[in-house]
$ cat protein-v2.cif   # mmCIF, C-alpha atoms
data_model
#
loop_
_atom_site.label_atom_id
_atom_site.label_comp_id
_atom_site.auth_asym_id
_atom_site.auth_seq_id
_atom_site.Cartn_x
_atom_site.Cartn_y
_atom_site.Cartn_z
CA MET A 30 0.00 0.00 0.00
CA SER A 31 1.46 3.36 -0.98
CA SER A 32 2.17 6.12 1.53
CA GLY A 33 -0.56 8.22 -0.07
CA HIS A 34 -3.24 5.78 1.05
CA ARG A 35 -4.66 6.27 4.50
CA LEU A 36 -6.67 3.98 6.73
CA ARG A 37 -8.91 5.72 9.25
CA ASP A 38 -10.66 3.98 12.13
CA VAL A 39 -14.22 4.84 13.07
CA GLU A 40 -13.22 5.75 16.62
CA GLN A 41 -9.42 6.12 16.54
CA GLN A 42 -6.48 5.72 14.18
CA ARG A 43 -4.88 2.28 14.12
CA PRO A 44 -2.29 0.57 11.95
CA LEU A 45 -3.31 -1.98 9.35
CA LEU A 46 -3.62 -5.57 10.33
CA ASP A 47 -0.58 -7.56 9.38
CA GLY A 48 -1.16 -9.40 6.15
CA GLU A 49 -0.03 -12.83 7.19
CA GLU A 50 -0.93 -15.61 4.82
CA GLU A 51 -2.76 -17.60 7.50
CA GLU A 52 -5.00 -14.65 8.38
CA GLU A 53 -5.83 -13.90 4.76
CA ALA A 54 -6.57 -17.56 4.12
CA GLU A 55 -8.91 -17.63 7.13
CA VAL A 56 -10.76 -14.53 5.94
CA GLU A 57 -11.10 -15.88 2.41
CA LYS A 58 -12.34 -19.23 3.69
CA SER A 59 -14.94 -17.64 5.97
CA SER A 60 -16.20 -15.28 3.25
CA HIS A 61 -16.69 -18.17 0.81
CA GLY A 62 -18.58 -20.16 3.45
CA GLU A 63 -21.02 -17.40 4.42
CA ALA A 64 -23.25 -18.02 1.41
CA LYS A 65 -23.72 -21.64 2.52
CA ARG A 66 -24.73 -20.86 6.09
CA LEU A 67 -28.10 -19.95 7.52
CA TRP A 68 -28.02 -16.45 8.99
CA PHE A 69 -29.50 -16.32 12.47
CA ILE A 70 -28.84 -13.88 15.32
CA GLN A 71 -28.49 -15.64 18.66
CA ASP A 72 -29.96 -12.84 20.77
CA CYS A 73 -32.31 -13.78 23.62
CA CYS A 74 -34.38 -10.61 23.42
CA GLY A 75 -34.72 -10.89 19.64
CA MET A 76 -35.72 -14.55 19.76
CA VAL A 77 -38.38 -13.84 22.41
CA CYS A 78 -39.76 -10.94 20.36
CA ALA A 79 -39.83 -13.10 17.21
CA PHE A 80 -41.70 -15.84 19.12
CA ILE A 81 -44.22 -13.29 20.43
CA THR A 82 -44.77 -12.02 16.88
CA TRP A 83 -45.56 -15.50 15.59
CA PHE A 84 -47.77 -16.26 18.60
CA LEU A 85 -49.86 -13.10 18.12
CA VAL A 86 -50.30 -13.71 14.37
CA LEU A 87 -51.37 -17.33 15.00
CA PHE A 88 -53.68 -16.18 17.82
CA ALA A 89 -55.35 -13.71 15.47
CA ASP A 90 -55.73 -16.45 12.87
CA PHE A 91 -57.32 -18.74 15.48
CA VAL A 92 -59.86 -16.13 16.61
CA VAL A 93 -60.78 -15.10 13.08
CA THR A 94 -61.12 -18.66 11.81
CA PHE A 95 -62.67 -20.56 14.73
CA VAL A 96 -64.52 -17.84 16.63
CA MET A 97 -65.88 -15.64 13.83
CA LEU A 98 -65.82 -17.39 10.44
CA LEU A 99 -66.56 -21.10 10.97
CA PRO A 100 -69.73 -20.47 13.05
CA SER A 101 -71.01 -18.02 10.41
CA ARG A 102 -74.26 -18.90 8.68
CA SER A 103 -73.01 -17.49 5.38
CA PHE A 104 -70.85 -20.09 3.63
CA TRP A 105 -69.32 -17.72 1.08
CA TYR A 106 -68.67 -15.03 3.68
CA ALA A 107 -66.65 -17.54 5.71
CA VAL A 108 -64.79 -18.95 2.68
CA VAL A 109 -63.83 -15.63 1.06
CA ASN A 110 -62.72 -13.97 4.27
CA GLY A 111 -61.02 -17.12 5.52
CA VAL A 112 -58.97 -17.59 2.36
CA PHE A 113 -58.06 -13.89 2.22
CA PHE A 114 -57.06 -13.61 5.88
CA ASN A 115 -55.06 -16.85 5.97
CA SER A 116 -53.29 -15.99 2.71
CA LEU A 117 -52.19 -12.65 4.17
CA ALA A 118 -51.09 -14.39 7.39
CA VAL A 119 -48.92 -16.86 5.42
CA LEU A 120 -47.36 -14.02 3.41
CA ALA A 121 -46.72 -12.03 6.61
CA LEU A 122 -45.03 -14.95 8.39
CA ALA A 123 -43.03 -15.85 5.27
CA SER A 124 -41.84 -12.23 5.03
CA HIS A 125 -40.90 -12.35 8.71
CA LEU A 126 -38.85 -15.51 8.18
CA ARG A 127 -37.10 -14.06 5.12
CA THR A 128 -36.26 -10.88 7.08
CA MET A 129 -34.97 -12.84 10.06
CA LEU A 130 -32.95 -15.49 8.18
CA THR A 131 -31.50 -13.31 5.40
CA ASP A 132 -28.03 -11.81 5.69
CA PRO A 133 -28.81 -8.06 5.85
CA GLY A 134 -25.52 -7.19 4.13
CA ALA A 135 -22.83 -8.07 6.65
CA VAL A 136 -19.29 -7.01 5.83
CA PRO A 137 -16.80 -9.94 6.14
CA LYS A 138 -15.08 -9.87 9.52
CA GLY A 139 -11.35 -9.22 9.67
CA ASN A 140 -10.95 -8.31 5.99
CA ALA A 141 -8.51 -5.46 6.74
CA THR A 142 -5.59 -7.31 5.19
CA LYS A 143 -2.97 -6.14 2.71
CA LYS A 144 -4.28 -8.51 0.05
CA TYR A 145 -7.80 -7.13 0.32
CA LEU A 146 -6.62 -3.52 0.38
CA GLU A 147 -4.55 -4.07 -2.76
CA SER A 148 -7.64 -5.47 -4.48
CA LEU A 149 -9.51 -2.21 -3.81
CA GLN A 150 -7.14 -0.32 -6.14
CA LEU A 151 -7.27 2.81 -4.01
CA LYS A 152 -6.30 6.17 -5.43
CA PRO A 153 -3.51 8.18 -3.76
CA GLY A 154 -4.90 10.12 -0.81
CA GLU A 155 -8.17 8.15 -0.72
CA VAL A 156 -9.50 7.57 2.79
CA ILE A 157 -11.03 4.26 3.83
CA TYR A 158 -12.48 3.30 7.18
CA LYS A 159 -11.78 0.33 9.41
CA CYS A 160 -14.18 -0.73 12.14
CA PRO A 161 -12.23 -1.25 15.38
CA LYS A 162 -14.89 -3.64 16.69
CA CYS A 163 -14.99 -6.27 13.92
CA CYS A 164 -11.70 -5.37 12.17
CA SER A 165 -13.30 -4.96 8.77
CA ILE A 166 -13.00 -2.35 6.05
CA LYS A 167 -16.29 -0.47 6.13
CA PRO A 168 -17.90 0.30 2.78
CA GLU A 169 -19.63 3.60 2.35
CA ARG A 170 -22.92 3.85 4.30
CA ALA A 171 -22.11 0.79 6.43
CA HIS A 172 -22.64 0.91 10.22
CA HIS A 173 -21.67 -1.45 13.03
CA CYS A 174 -24.45 -3.24 14.91
CA SER A 175 -23.60 -4.09 18.51
CA ILE A 176 -26.19 -6.90 18.58
CA CYS A 177 -25.25 -8.59 15.30
CA LYS A 178 -21.57 -7.79 16.05
CA ARG A 179 -21.05 -7.02 12.37
CA CYS A 180 -20.87 -4.01 10.09
CA ILE A 181 -24.03 -3.92 7.93
CA ARG A 182 -24.23 -2.30 4.50
CA LYS A 183 -26.92 0.42 4.34
CA MET A 184 -28.04 -0.47 7.84
CA ASP A 185 -31.42 1.10 8.57
CA HIS A 186 -31.95 -0.15 12.13
CA HIS A 187 -31.90 -3.31 14.24
CA CYS A 188 -35.42 -4.61 14.79
CA PRO A 189 -35.91 -7.03 17.73
CA TRP A 190 -39.30 -8.15 16.34
CA VAL A 191 -37.54 -9.77 13.37
CA ASN A 192 -34.39 -10.54 15.40
CA ASN A 193 -32.15 -9.02 12.75
CA CYS A 194 -30.82 -5.83 11.28
CA VAL A 195 -32.69 -4.26 8.38
CA GLY A 196 -30.09 -3.58 5.73
CA GLU A 197 -29.22 -3.71 2.07
CA LYS A 198 -30.20 -7.34 1.42
CA ASN A 199 -33.34 -7.82 3.54
CA GLN A 200 -35.05 -4.42 3.57
CA ARG A 201 -37.48 -5.61 0.92
CA PHE A 202 -38.73 -8.46 3.13
CA PHE A 203 -39.09 -6.12 6.11
CA VAL A 204 -41.22 -3.75 4.02
CA LEU A 205 -43.41 -6.68 2.94
CA PHE A 206 -43.69 -7.88 6.54
CA THR A 207 -44.95 -4.50 7.76
CA MET A 208 -47.33 -4.23 4.79
CA TYR A 209 -48.93 -7.65 5.30
CA ILE A 210 -49.22 -7.22 9.08
CA ALA A 211 -50.95 -3.87 8.55
CA MET A 212 -53.33 -5.52 6.05
CA ILE A 213 -54.33 -8.46 8.26
CA SER A 214 -54.69 -6.10 11.24
CA SER A 215 -57.12 -3.88 9.34
CA HIS A 216 -58.97 -6.96 8.07
CA ALA A 217 -59.24 -8.33 11.62
CA LEU A 218 -60.62 -5.00 12.88
CA ALA A 219 -63.24 -5.00 10.13
CA LEU A 220 -64.26 -8.60 10.90
CA CYS A 221 -64.49 -7.83 14.63
CA GLY A 222 -66.73 -4.82 13.97
CA TYR A 223 -69.04 -6.87 11.75
CA GLN A 224 -69.09 -9.70 14.31
CA PHE A 225 -70.02 -7.37 17.16
CA ILE A 226 -72.91 -5.92 15.15
CA THR A 227 -74.09 -9.41 14.16
CA CYS A 228 -73.95 -10.75 17.71
CA ILE A 229 -75.84 -7.76 19.08
CA LYS A 230 -78.72 -8.34 16.62
CA VAL A 231 -79.01 -12.03 17.49
CA GLN A 232 -78.28 -14.10 20.57
CA TRP A 233 -74.57 -14.32 21.45
CA ARG A 234 -74.82 -18.11 21.72
CA GLU A 235 -75.94 -18.30 18.10
CA CYS A 236 -73.03 -16.32 16.59
CA SER A 237 -70.19 -18.38 18.08
CA ASP A 238 -69.44 -21.92 19.22
CA PHE A 239 -67.76 -20.54 22.33
CA SER A 240 -69.54 -19.19 25.40
CA PRO A 241 -70.45 -15.46 25.29
CA PRO A 242 -67.87 -14.41 27.93
CA VAL A 243 -65.05 -16.29 26.14
CA THR A 244 -66.13 -14.96 22.75
CA MET A 245 -66.23 -11.40 24.06
CA MET A 246 -62.84 -11.70 25.74
CA LEU A 247 -61.15 -13.16 22.64
CA MET A 248 -62.62 -10.54 20.33
CA ILE A 249 -61.68 -7.63 22.62
CA PHE A 250 -58.11 -8.88 22.88
CA LEU A 251 -57.98 -9.32 19.09
CA CYS A 252 -59.23 -5.76 18.57
CA MET A 253 -56.57 -4.36 20.90
CA GLU A 254 -53.84 -6.43 19.22
CA ALA A 255 -54.98 -5.50 15.70
CA LEU A 256 -55.20 -1.80 16.52
CA LEU A 257 -51.71 -1.79 18.07
CA PHE A 258 -50.17 -3.82 15.24
CA PHE A 259 -51.85 -1.73 12.56
CA THR A 260 -50.61 1.55 14.06
CA PHE A 261 -47.04 0.32 14.48
CA THR A 262 -46.65 -1.46 11.12
CA ALA A 263 -48.42 1.25 9.12
CA VAL A 264 -45.99 3.84 10.50
CA MET A 265 -43.00 1.57 9.85
CA PHE A 266 -44.19 0.80 6.32
CA SER A 267 -44.55 4.49 5.47
CA THR A 268 -41.16 5.41 6.97
CA GLN A 269 -39.46 2.59 5.08
CA LEU A 270 -40.95 3.70 1.77
CA HIS A 271 -39.92 7.27 2.55
CA SER A 272 -36.35 6.14 3.27
CA ILE A 273 -36.18 4.10 0.06
CA CYS A 274 -37.58 6.89 -2.11
CA ASN A 275 -35.19 9.43 -0.56
CA ASP A 276 -32.22 7.02 -0.60
CA GLU A 277 -31.54 7.66 3.08
CA THR A 278 -31.49 5.11 5.90
CA GLU A 279 -32.99 5.77 9.31
CA ILE A 280 -29.53 5.92 10.91
CA GLU A 281 -28.36 8.45 8.34
CA ARG A 282 -31.47 10.55 8.97
CA LEU A 283 -31.11 10.45 12.77
CA LYS A 284 -27.40 11.30 12.59
CA ASN A 285 -28.16 14.01 10.04
CA GLU A 286 -25.35 12.71 7.85
CA LYS A 287 -24.60 14.73 4.77
CA PRO A 288 -24.79 12.45 1.72
CA THR A 289 -21.40 11.78 0.15
CA TRP A 290 -23.02 9.43 -2.34
CA GLU A 291 -25.08 10.22 -5.41
CA ARG A 292 -28.72 9.93 -4.42
CA GLN A 293 -30.89 7.62 -6.50
CA THR A 294 -34.21 8.68 -7.95
CA ARG A 295 -37.38 7.29 -6.36
CA TRP A 296 -37.95 4.62 -8.99
CA ALA A 297 -34.28 3.68 -9.04
CA GLY A 298 -34.37 3.28 -5.25
CA LEU A 299 -37.49 1.10 -5.39
CA ARG A 300 -36.00 -1.06 -8.15
CA SER A 301 -32.74 -1.51 -6.24
CA VAL A 302 -34.61 -2.69 -3.12
CA PHE A 303 -37.37 -4.79 -4.71
CA GLY A 304 -35.39 -5.90 -7.77
CA GLY A 305 -36.16 -5.26 -11.44
CA PRO A 306 -39.12 -3.44 -12.97
CA PRO A 307 -42.50 -3.35 -11.14
CA SER A 308 -44.17 -6.77 -11.09
CA LEU A 309 -46.01 -9.15 -8.78
CA LEU A 310 -42.61 -10.42 -7.63
CA TRP A 311 -42.24 -7.17 -5.70
CA ILE A 312 -44.92 -8.29 -3.22
CA SER A 313 -43.85 -11.95 -3.00
CA PRO A 314 -41.61 -12.99 -0.09
CA PHE A 315 -40.85 -16.23 -1.97
CA ALA A 316 -39.18 -14.56 -4.96
CA GLY A 317 -35.52 -15.50 -5.29
CA LEU A 318 -35.75 -18.05 -2.48
CA LYS A 319 -32.68 -20.28 -2.34
CA LEU A 320 -32.32 -22.73 0.51
CA PRO A 321 -28.84 -22.55 2.08
CA THR A 322 -26.71 -25.64 2.60
CA LEU A 323 -26.30 -26.30 6.28
CA LEU A 324 -22.77 -27.53 6.92
CA PRO A 325 -21.00 -28.17 10.24
CA ARG A 326 -18.60 -25.37 11.04
CA ARG A 327 -16.65 -23.81 13.85
CA ALA A 328 -18.68 -21.17 15.69
CA TRP A 329 -17.45 -17.59 15.42
CA LYS A 330 -16.96 -15.45 18.49
CA GLY A 331 -20.06 -13.42 19.14
CA GLY A 332 -21.64 -15.51 16.41
CA ALA A 333 -24.13 -13.76 14.23
CA GLU A 334 -24.96 -16.94 12.38
CA PHE A 335 -26.63 -20.24 13.23
CA SER A 336 -24.22 -23.06 14.07
CA VAL A 337 -25.14 -26.64 13.26
#
$ encode --input "protein-v2.cif" --output "structure tokens"
Amino acid sequence: MSSGHRLRDVEQQRPLLDGEEEEEAEVEKSSHGEAKRLWFIQDCCGMVCAFITWFLVLFADFVVTFVMLLPSRSFWYAVVNGVFFNSLAVLALASHLRTMLTDPGAVPKGNATKKYLESLQLKPGEVIYKCPKCCSIKPERAHHCSICKRCIRKMDHHCPWVNNCVGEKNQRFFVLFTMYIAMISSHALALCGYQFITCIKVQWRECSDFSPPVTMMLMIFLCMEALLFFTFTAVMFSTQLHSICNDETEIERLKNEKPTWERQTRWAGLRSVFGGPPSLLWISPFAGLKLPTLLPRRAWKGGAEFSV
């Protein structure tokens, strides 16, 4: 590396890592193996939040299906609403899984080696940044996550409800997750309103297979859950779209960082996140699904990936 090149730490200046052959070989081996491993953050709080998310979605599905739709006297009302609600629930949970198990854009750990720096073909006087926490060269717009213990490209934020960072590679699935949760929440609220009106006109015992107190309790809890979920996910969905259209992550907005990159247009930003021209694939969490190969491996310190 020429004397004109400079390496700047995020927090303090440090010398380059020595470029020993063993270290470079280890970095290269780990980077090649990342694509074959299932990404999973082993964080207790995140795993509990993810479990609660699934439990609440399945609870809502149970109340809608078995308390409100199956006892309905209208066959087509039950079928249409049942198919629609359960389809949205499957899409929401699939989007949640894709967000949680997709690498958000982690920078390879310990890649600050001479071999890697030479491959960057830096110009004289060009400044690059090294993260002192994970010893990696940080690309532009990358930020370090203390929970994932990795630098994440275009990191927007770390969301405990999906037990993962929202970054360059999984933002699309997070947007779909918030959209589908908002949709099933609004659908559940509409079904609860109709059910209340129906049960008031007739006897409560005739509008549900459960006892009136149990039916009332389940429906009230569902209304509270749906209202809370709708408010939260609708706000998150709108803020995510705003960030994508303005080519600015939430971290960059909160830190009031001045853009050193060329901002994309709105359509270019949407295409870069959702992939390709507008199509039905934009709203499918199954698009581009490739199952990773689970191979035994040595666990990394502060592992941000699932060990088998």
$ closest_residue --input "protein-v2.cif" --among "A:Cys163, A:Ala217, A:Leu122, A:Cys74" --to "A:Asn193" --atoms "all atoms listed in the file"
A:Cys74
$ residues_around --input "protein-v2.cif" --residues "A:Cys73" --least-positions-apart "6" --cutoff "12 Å" --atoms "all atoms listed in the file" --output "ChimeraX atom specification"
/A:79-80,176,189-190,192-193
$ residues_around --input "protein-v2.cif" --residues "A:Ala123" --least-positions-apart "4" --cutoff "12 Å" --atoms "only C-alpha atoms" --output "ChimeraX atom specification"
/A:83,86,116-119,127-131,191,202-203,205-207,209-210,312-316,318
$ closest_residue --input "protein-v2.cif" --among "A:Ile226, A:Arg300, A:Ser215, A:Phe239" --to "A:Met253" --atoms "only C-alpha atoms"
A:Ser215
$ atom_distance --input "protein-v2.cif" --atom1 "atom CA of A:Glu279" --atom2 "atom CA of A:Leu126"
22.1 Å
$ closest_residue --input "protein-v2.cif" --among "A:Val93, A:Ile166, A:Leu120, A:Ile213" --to "A:Asn140" --atoms "only C-alpha atoms"
A:Ile166
$ atom_distance --input "protein-v2.cif" --atom1 "atom CA of A:Pro161" --atom2 "atom CA of A:His186"
20.0 Å
$ residues_around --input "protein-v2.cif" --residues "A:Arg170" --least-positions-apart "3" --cutoff "8 Å" --atoms "only C-alpha atoms" --output "list in words"
Arg182, Lys183 and Met184 of chain A
$ residues_around --input "protein-v2.cif" --residues "A:Val136" --least-positions-apart "5" --cutoff "10 Å" --atoms "all atoms listed in the file" --output "ChimeraX atom specification"
/A:60,163,165-168,171-173,179-182
$ resolve_selection --input "protein-v2.cif" --expression "the PyMOL selection byres ((chain A and resi 304) around 12)" --output "PyMOL selection string"
chain A and resi 197-202+296-303+305-313+316-317
$ resolve_selection --input "protein-v2.cif" --expression "the PyMOL selection byres ((chain A and resi 235) around 12)" --output "number ranges by chain"
A: 96-97, 100-102, 224, 227-234, 236-241, 244
$ resolve_selection --input "protein-v2.cif" --expression "the PyMOL selection byres ((chain A and resi 275) around 9)" --output "list in words"
Leu270, His271, Ser272, Ile273, Cys274, Asp276, Glu277, Thr278, Arg292, Gln293, Thr294, Arg295 and Gly298 of chain A
$ atom_distance --input "protein-v2.cif" --atom1 "atom CA of A:Leu98" --atom2 "atom CA of A:Phe84"
19.8 Å
$ closest_residue --input "protein-v2.cif" --among "A:Asp90, A:Asp132, A:Glu169, A:Glu254" --to "A:Trp68" --atoms "all atoms listed in the file"
A:Asp132
